[in-house]
Structure formats: C-alpha cells, structure tokens
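Below: one structure, written as structure tokens.
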Amino acid sequence: MYFRDNALHFSRGAQTLDEVMELLRNVSDVISANFPTIPVIPSLGNHDFVPKDEARTNYSEPYGRIADIWKTWIGDDRQMELFKKGGYFSRRVGESGKLLVLSVNTILYYIHNHINLGLTDPAGQFTWMEKQLEMARREGLKVIVTGHVMPGLRIPGLEHLFHPDFSRRYADIMTDFSDVIVASHYGHEHAEVFKLLRRENSPLDAAVPVFSAMSIAPMARALKPGQPKYPLQPSVRLVEFDRATAHHLNYRQFYTNLTQSNLNNYTNWVELYNFRDTYGVPDMSVASLRDIFRRMVSAQSLTINNNTINNNNSTSTCCSSNDAGHTLSPASPVLATGQVVNPLSSFCRHILGPMGPAECPLVDQAEIWCGGQISDLSGARQCVQFYLLAHSGQATTPSGKQN
Ligand SMILES: [Zn+2]
C-alpha cells in the first residue's frame, strides 16, 4: 500500500502539474524496480493535484496521466476506466483470490477541497464502493480499504478530515459492510493513528478498524500551530495478515535514523515496536481495538510497553454514552520522576467526538504522536511537555491546520 504525497508540500501554485507528475513517475519507477512481483496498491494524495487538494470529478486531470503511469498496478481496462473517471479502483490480491482491495480517492471528500461541495456522490465513488462491497458479500470475499486521508477527526487540531456530509456517508457505507471490510489503511497524517469507525446506535462490534501509518518523509510537525516543529524519522509499516481471510494479525513498525543513514551512506531499518506486543492484544481486530479503548477509558491505568499511563485526569469532552467521551491525559508523573520515557506511552491518547454530539458516535480513535520517531530522548521529553500543554485544557477549536 502506497499512500502517495511525494510532491513537496508547498503552497498552492508553487509546483506545476508536470513537476508533480515527474515526481510521481520517479517514485513509482523506484517502487516497481524494487518490488517487481508484489502487488502495489497506490492511493491518490492531496498533493497529487494542482492546485493541491482539488480532486475533481469525472475525467479531470490528473487522473488520466496517473492511470497511464500506474497501468500495471491498476490492472484491466475496467479498472483503468474507473481510475480515469475518479481516481479510484479495486484489485483482487492473494493466492485465494478472495481478498479485494479498494483504493478510494478520499481527496474528493477532503476538508480542504471545496470543489465538490453540493454534490451527493463525487465521481460516483460512493455508489461504486457500495456495489463493490455488495459483490464482496455475495461472493464471500474479504475487503481491505485504502486511501490517503482517513475519515474522522484529526488530533491535535480536532478538525474534520472530510466535509461532514461526506464523512457521514463514508462512515455509513463502511459500517454497513463491517462484516466484509477487515480493515482500512491510510497515510497523510505523518502520525500513527488507530480508530474505530462506527455508526450511531449500531452495535459496538459493527465497526471498521482504521489505521494510519507514519510517513517516509521526515516532515516536521507541531502539536499546535505556532509551536515548535519536531522532525520525524522516516518510517514504514509491515502489516501481517492471514492470506486466506485477510484477518489482520499484527503490524511491525520500522524506522531509520536519518542522521546515521546519511553519515553511513546506508539505510538501516530498525523495528521500533509491534502492535500486538505493545498493546497486549491478540490481533488488530475490532474486538482488540475496543479492548484497548476500554482500558484507556475505564481503567485507572493502562500499561503499554511496560510503562503505565495513569488515567487520573480524564476529561469528558462530549458524550456520556457507551464507553466514549473521555480524553486520556498522558501521565505527567512519568515526566516528573525523570525516568526514561517511552514516547509510545506518552503519546497514546483516546478521544471521541470533540466536535459536538452529532459527530460523537462516528469515531473512536487513539493517536500516537512522534511514536519514538524523534531521534533523541530530550527531544521526546520536550515533545511530551508540549503535548501536555496543548491538551491541558478542554478540547480546542478547529485550527485549520493542514498538511
Ligand atoms: Zn496528504
């Protein structure tokens, strides 16, 4: 899964479409050369468009140009036609042929893309998703959904990632087919995030796991606008799943120390942690994510990676129903004691529905900021302190910050 956004994150108009396409072709060629036999499922990013974010409907640029570059990844004429129409496609993978991957163009719904406002189904993608998922259910397939921008809310700005109408429709479709969708994977955030996407009043297990991985790009991020930015080490993720059932068993998170890599002229990828051991769950299923959230919210403490987070300052931000509506405060005592802070534990956070009751039921999510990707411990400590400052009060208003 290749989540794109290789173009420089300049302001609007700083790059031409030709330049963006050249970058796309270069990186795609490198991936093809290194993984000639592995199916590659790319998803369009918001920086694949010029002006950025403006994914349009129905055979607009740059869909046709990118389709020609990704022809071997996209597949047959039918899929090529879909991609040229709206930047989305599906592909069956795996030996059993029972696994279907939907590459969804979520930039059509992205909060900073105002082109499609007023449309009910940009590029017909919602209808296509429903038909694909109905077919998958009929034929006994399992589905993985991939896209660039994930649904739900973004931490720390707590802003919507999709326009609300699109967000609801997307969540409705995904949760209507939670029996066939095993998981969904996204990029864009340069942060590690997991969420459960679900619908109001639906059974708690009728949800779809949402995972966001870190980025290769070491783009610096601030916890809030105006605060110092912290660079992130390049990161890749290896998801382990059952090839027959697509059951997600675990992921292993790798990173490389960029400074060392440059000094040694050699990129050494190191495993940072793996999901199952870190969170003490058997797999990446809905039940496991619920278990993690439940421990975050209801327990007095949660042990992650041998560090304990004291849930001593939970703040109700929105809902009171179910097991939702709490913000887990990272444990300041960990900092005060001066003990070695594992950044994983310090940035683990559970939040739900801070935008208002209407959005409350849609998403549970936890976000791991920095995730140990900061190269030195003092940097990690500073990052923790800024995190605590940023979240010491009530939920903030939407910041408008964007990638
Ligand atoms: Zn992006």
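Simple scheme: letters A, B, ... for chains in structure tokens order, numbers from 1 for residues in each chain, numbers from 1 for ligands in the order shown.
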
With ligand 1 as the partner and 10 Å as the cut-off, tabulate the residues of chain A that qualify, each row holding the nearest pair of atoms and their distance in Å to one decimal, using only C-alpha atoms and all ligand atoms, sorted by chain and rising number, as a tab-separated table.
```
residue	atom	partner	partner_atom_place_in_ligand_line	distance
A:Phe3	CA	ligand 1	1 (Zn)	8.4
A:Arg4	CA	ligand 1	1 (Zn)	7.6
A:Asp5	CA	ligand 1	1 (Zn)	5.5
A:Asn6	CA	ligand 1	1 (Zn)	9.0
A:Ala7	CA	ligand 1	1 (Zn)	9.6
A:His9	CA	ligand 1	1 (Zn)	8.6
A:Leu44	CA	ligand 1	1 (Zn)	8.9
A:Gly45	CA	ligand 1	1 (Zn)	5.2
A:Asn46	CA	ligand 1	1 (Zn)	5.0
A:His47	CA	ligand 1	1 (Zn)	6.2
A:Asp48	CA	ligand 1	1 (Zn)	8.8
A:Lys52	CA	ligand 1	1 (Zn)	9.5
A:Asp53	CA	ligand 1	1 (Zn)	8.5
A:Ile107	CA	ligand 1	1 (Zn)	8.8
A:Tyr110	CA	ligand 1	1 (Zn)	9.8
A:His148	CA	ligand 1	1 (Zn)	6.4
A:Val149	CA	ligand 1	1 (Zn)	6.4
A:Met150	CA	ligand 1	1 (Zn)	9.8
A:Tyr186	CA	ligand 1	1 (Zn)	9.7
A:Gly187	CA	ligand 1	1 (Zn)	7.0
A:His188	CA	ligand 1	1 (Zn)	3.8
A:Glu189	CA	ligand 1	1 (Zn)	6.8
A:His190	CA	ligand 1	1 (Zn)	8.6
A:Ser215	CA	ligand 1	1 (Zn)	10.0
A:Gln402	CA	ligand 1	1 (Zn)	8.6
A:Asn403	CA	ligand 1	1 (Zn)	5.8
```

Near-Gly97 of chain A list (12 Å; only C-alpha atoms; drop same-chain fewer than 5 positions) as a count of residues only: 12

Residue nearest Asn113 of chain A among A:Phe49, A:Trp128, A:Gln260, A:Gly75 (counting only C-alpha atoms): A:Phe49

Distance query Ile31 of chain A at most 10 Å, only C-alpha atoms, self and fewer than 6 positions along chain excluded, as a VMD selection string: chain A and resid 2 25 38 40

Residue set, segment 90-284 of chain A restricted to alpha helix (DSSP H), as an MDAnalysis selection string: chainID A and resid 125:139 164:176 258:264 275:279
